[in-house]
Structures are given as C-alpha cells and as structure tokens.
Amino acid sequence: MMRKILVPGTFILTLGFVVCLLISTADNVAFAAETRLSAKQVMLKKGQTFKLKYKKAKKVKWTSSKKEVATVKNGKITAKKPGKTTIIAQNGKKKYRCTVTVTSGKRKVLVLYFSATGTTKAVANKVAKAAGADIVRLVPRKTYTSADLNYNSDCRANSEQNNNSKPAIATTIRNIAQYDEIFIGYPIWHGKEPGVIRTFLSKTKLKGKNIIPFCTSGGSGISGSIAHIKEFAKGASVKAGRDLTDDSDTKIKEWVSPLL
C-alpha cells in the first residue's frame with residue numbers, strides 16, 4: 001500500500017514518487033544523488049569494458065588518471081592492465097570520480113592427483129606446469145604396498161574396487177574455495193578411478209567448480225571413471241577427461257590451454 005506524505009504547500013506526494021526522485025531506474029542503473037555516476041567503484045578483468053553513465057548531462061569530459069591501466073571514451077571504460085585508476089567525469093566545474101580496479105583475469109587452478117607407483121605423479125607435474133597451477137598429492141591414510149596392488153582376487157586394491165570403497169585420506173585442503181579449475185589425476189584400476197578419488201570428491205564442497213579429470217592407464221582409458229566423478233563431485237561441472245599416459249609435454253599443453 002502506498003503511504004501518502006503531506007507536504008506544506010500545493011501538492012501531495014506518494015512515497016513511491018519520492019523514491020523515484022532519488023533513484024533513476026533507466027537502464028536498470030541507480031544514480032546516487034551525491035555522485036550522478038552509475039558506479040563509484042568498478043572491478044574489471046584485463047580486456048573487459050564497462051559503460052559508466054552520467055545522469056542528465058549533455059557535455060561531460062571523461063579522463064583516466066592512469067591510461068595505462070584503463071582508458072575511457074564517452075563513459076566507456078576499457079581495462080588495459082592490472083592496477084587501479086580513477087575515472088573522472090567533469091561537467092562544467094563539477095567533477096565526479098569512479099575508482100576502477102583491473103585484475104589479470106587469470107583463474108586460480110589446482111592440480112590434485114593420486115599416485116601409488118609414481119606414474120600419475122609424473123604426468124600430474126606436467127599438467128601443473130602447463131596450467132601454471134598449484135599441485136597437491138592425495139595421500140591415503142594407509143599406504144598401498146606392492147602386495148596391495150598385485151590385483152589378486154583378495155588384494156586390497158581389488159577389494160576396494162569391487163566394493164566401490166572410499167578409503168580414508170590424510171590430505172586436507174582448507175583453501176579449496178579459492179580454486180576455479182581443478183584438474184584431478186589418477187591411475188585407472190580395474191577400469192575406474194581408485195577409491196581415494198571417491199573419498200576426496202564425496203567429502204569436499206565442489207559446487208561451482210570446474211573439474212577436469214585425467215588419468216594414466218594400461219589401456220582401458222578414462223571413460224569408465226567419469227560416471228563416478230560426476231556422481232560424487234556434487235554441484236561441480238565435470239569436463240571431458242583425457243588419458244595422458246602416452247602424451248608428450250607438448251600434447252599436454254595443447255590439451256590444457258583451451259580449458260583455462
């Protein structure tokens with residue numbers, strides 16, 4: 001319900017009309033009375049643009065205090081390189097300012113891997129180098145011995161795979177929230193990912209992350225592991241994985257680059 005406001009004199013204003021005097025909704029941009037600019041602070045990635053608007057002014061002179069960081073023309077800001085600059089809008093003697101922060105735009109990347117024999121570790125290091133990423137090794141609480149990996153019907157690895165087990169891990173990543181892209185590497189055991197990977201995915205909040213699986217294998221490839229990666233990485237976007245067993249450094253870089 002509109003509430004009427006009585007004003008001495010000749011007219012009655014509704015609360016809604018008062019609000020309209022304070023906020024312009026044209027182009028969905030709110031203009032504060034004390035600045036007249038559509039924004040006081042703007043954060044852009046390198047290469048991005050932003051249209052800064054000045055309310056009800058026909059002639060505005062636009063300048064940037066640091067043109068090497070960002071330029072401005074007719075209110076359109078173009079981010080050039082990381083740093084800060086002040087965009088000044090001058091109308092007559094009045095000047096209004098907007099602080100612009102330009103970031104590199106690079107996304108934070110993590111390579112997370114499990115390796116029982118060292119084969120996946122070597123590949124993970126190549127992926128991290130190609131991606132310019134941080135790297136973390138997933139360590140099980142109980143180390144796998146050679147007997148655990150002999151794949152006899154009663155060996156530990158075979159039993160865990162048959163039961164889709166989730167063995168305890170000793171690795172904790174407290175700052176996982178800072179990463180945008182997470183490469184997850186593992187060997188293929190009996191056609192799928194080891195239980196250590198299932199443990200990590202099921203115990204970690206990955207909503208909104210991009211998960212990129214990669215593996216090493218004796219020939220079965222990565223396809224049999226993707227269903228579990230998608231199942232346990234709840235809320236994450238799981239991209240197409242790749243078997244990197246025989247890939248050179250150059251091929252790995254060619255695969256990684258378009259994903260970032």
# chains A, B, ... in the order shown; residues from 1 in each chain; ligands from 1
>>> residues_around(residues="Leu206 in chain A", least_positions_apart="4", cutoff="10 Å", atoms="only C-alpha atoms", output="mmCIF file with N, CA and C atoms, in the first residue's frame")
data_model
loop_
_atom_site.group_PDB
_atom_site.id
_atom_site.type_symbol
_atom_site.label_atom_id
_atom_site.label_comp_id
_atom_site.auth_asym_id
_atom_site.auth_seq_id
_atom_site.Cartn_x
_atom_site.Cartn_y
_atom_site.Cartn_z
ATOM 1 N N ILE A 176 40.376 -24.831 -0.575
ATOM 2 C CA ILE A 176 39.856 -25.315 -1.857
ATOM 3 C C ILE A 176 38.928 -24.298 -2.504
ATOM 4 N N ALA A 177 38.299 -23.443 -1.687
ATOM 5 C CA ALA A 177 37.330 -22.475 -2.217
ATOM 6 C C ALA A 177 37.964 -21.470 -3.168
ATOM 7 N N TYR A 179 39.960 -21.982 -5.604
ATOM 8 C CA TYR A 179 40.266 -22.502 -6.941
ATOM 9 C C TYR A 179 39.023 -22.547 -7.828
ATOM 10 N N ASP A 180 39.212 -22.127 -9.071
ATOM 11 C CA ASP A 180 38.137 -22.152 -10.062
ATOM 12 C C ASP A 180 38.148 -23.454 -10.859
ATOM 13 N N ILE A 182 39.860 -27.317 -11.219
ATOM 14 C CA ILE A 182 40.580 -28.361 -10.503
ATOM 15 C C ILE A 182 40.794 -29.554 -11.430
ATOM 16 N N LEU A 201 36.252 -36.617 -3.443
ATOM 17 C CA LEU A 201 35.102 -35.964 -4.087
ATOM 18 C C LEU A 201 33.882 -35.941 -3.169
ATOM 19 N N SER A 202 33.647 -37.018 -2.458
ATOM 20 C CA SER A 202 32.450 -37.109 -1.624
ATOM 21 C C SER A 202 32.551 -36.266 -0.354
ATOM 22 N N ASN A 210 34.969 -26.145 -11.721
ATOM 23 C CA ASN A 210 35.142 -26.903 -12.959
ATOM 24 C C ASN A 210 36.118 -28.039 -12.673
ATOM 25 N N ILE A 211 35.680 -29.270 -12.823
ATOM 26 C CA ILE A 211 36.505 -30.437 -12.569
ATOM 27 C C ILE A 211 36.957 -31.019 -13.907
ATOM 28 N N PHE A 232 29.994 -38.054 -7.575
ATOM 29 C CA PHE A 232 30.496 -37.600 -6.282
ATOM 30 C C PHE A 232 30.906 -36.125 -6.244
ATOM 31 N N ALA A 233 31.193 -35.539 -7.393
ATOM 32 C CA ALA A 233 31.548 -34.111 -7.426
ATOM 33 C C ALA A 233 30.264 -33.293 -7.518
ATOM 34 N N LYS A 234 29.487 -33.308 -6.471
ATOM 35 C CA LYS A 234 28.151 -32.697 -6.476
ATOM 36 C C LYS A 234 28.233 -31.179 -6.674
ATOM 37 N N GLY A 235 27.432 -30.693 -7.641
ATOM 38 C CA GLY A 235 27.371 -29.260 -7.899
ATOM 39 C C GLY A 235 28.477 -28.726 -8.777
ATOM 40 N N ALA A 236 29.433 -29.586 -9.123
ATOM 41 C CA ALA A 236 30.549 -29.159 -9.975
ATOM 42 C C ALA A 236 30.222 -29.446 -11.443
ATOM 43 N N SER A 237 30.935 -28.758 -12.309
ATOM 44 C CA SER A 237 30.822 -29.018 -13.746
ATOM 45 C C SER A 237 32.008 -29.890 -14.150
#
>>> residues_around(residues="range 154-164 of chain A", least_positions_apart="3", cutoff="12 Å", atoms="only C-alpha atoms", output="list in words")
Ala116, Lys142, Thr143, Tyr144, Thr145, Ser146, Ala147, Asp148, Leu149, Asn150, Tyr151, Pro167, Ala168, Pro187, Ile188, Trp189, His190, Gly191, Lys192, Glu193, Pro194, Gly195, Val196, Ile197, Arg198, Thr199, Ser225, His228 and Phe232 of chain A
>>> residues_around(residues="Val60 in chain A", least_positions_apart="2", cutoff="9 Å", atoms="only C-alpha atoms", output="PyMOL selection string")
chain A and resi 54+57-58+62+74-75+89-92
>>> residues_around(residues="range 97-103 of chain A", least_positions_apart="3", cutoff="12 Å", atoms="only C-alpha atoms", output="ChimeraX atom specification")
/A:34-54,61-72,75,77-91,94,106-107
>>> select_by_dssp(residues="range 74-246 of chain A", states="strand (DSSP E or B)", output="PyMOL selection string")
chain A and resi 76-79+83-91+94-103+109-113+134-137+140+169+181-187+189+192+210-216+237-238+242-243
>>> atom_distance(atom1="CA of Gly118 in chain A", atom2="CA of Lys230 in chain A")
25.4 Å
>>> select_by_dssp(residues="range 74-256 of chain A", states="helix (DSSP H, G or I)", output="ChimeraX atom specification")
/A:119-131,147-149,156-162,176-178,195-203,223-232,249-256
>>> closest_atom_pairs(of="range 101-169 of chain A", to="range 238-258 of chain A", cutoff="8 Å", atoms="only C-alpha atoms", output="tab-separated table")
residue	atom	partner	partner_atom	distance
A:Val123	CA	A:Leu244	CA	7.2
A:Lys126	CA	A:Asp249	CA	6.5
A:Val127	CA	A:Ile252	CA	6.5
A:Ala130	CA	A:Lys253	CA	5.1
A:Ala131	CA	A:Val256	CA	6.3
>>> write_last_selection(atoms="N, CA and C atoms", output="mmCIF file, in the first residue's frame")
data_model
loop_
_atom_site.group_PDB
_atom_site.id
_atom_site.type_symbol
_atom_site.label_atom_id
_atom_site.label_comp_id
_atom_site.auth_asym_id
_atom_site.auth_seq_id
_atom_site.Cartn_x
_atom_site.Cartn_y
_atom_site.Cartn_z
ATOM 1 N N VAL A 123 52.949 -37.395 -14.616
ATOM 2 C CA VAL A 123 52.022 -36.736 -15.541
ATOM 3 C C VAL A 123 51.396 -35.513 -14.889
ATOM 4 N N LYS A 126 53.459 -32.468 -15.110
ATOM 5 C CA LYS A 126 53.424 -31.866 -16.444
ATOM 6 C C LYS A 126 52.164 -31.019 -16.635
ATOM 7 N N VAL A 127 51.036 -31.527 -16.126
ATOM 8 C CA VAL A 127 49.771 -30.784 -16.222
ATOM 9 C C VAL A 127 49.874 -29.479 -15.433
ATOM 10 N N ALA A 130 51.964 -26.968 -17.304
ATOM 11 C CA ALA A 130 51.249 -26.419 -18.463
ATOM 12 C C ALA A 130 50.168 -25.435 -18.053
ATOM 13 N N ALA A 131 49.562 -25.677 -16.874
ATOM 14 C CA ALA A 131 48.446 -24.838 -16.421
ATOM 15 C C ALA A 131 48.891 -23.694 -15.517
#
>>> atom_distance(atom1="CA of Pro140 in chain A", atom2="CA of Thr119 in chain A")
16.5 Å
>>> closest_residue(among="A:Lys108, A:Arg137, A:Lys76, A:Lys207", to="Thr120 in chain A", atoms="only C-alpha atoms")
A:Arg137
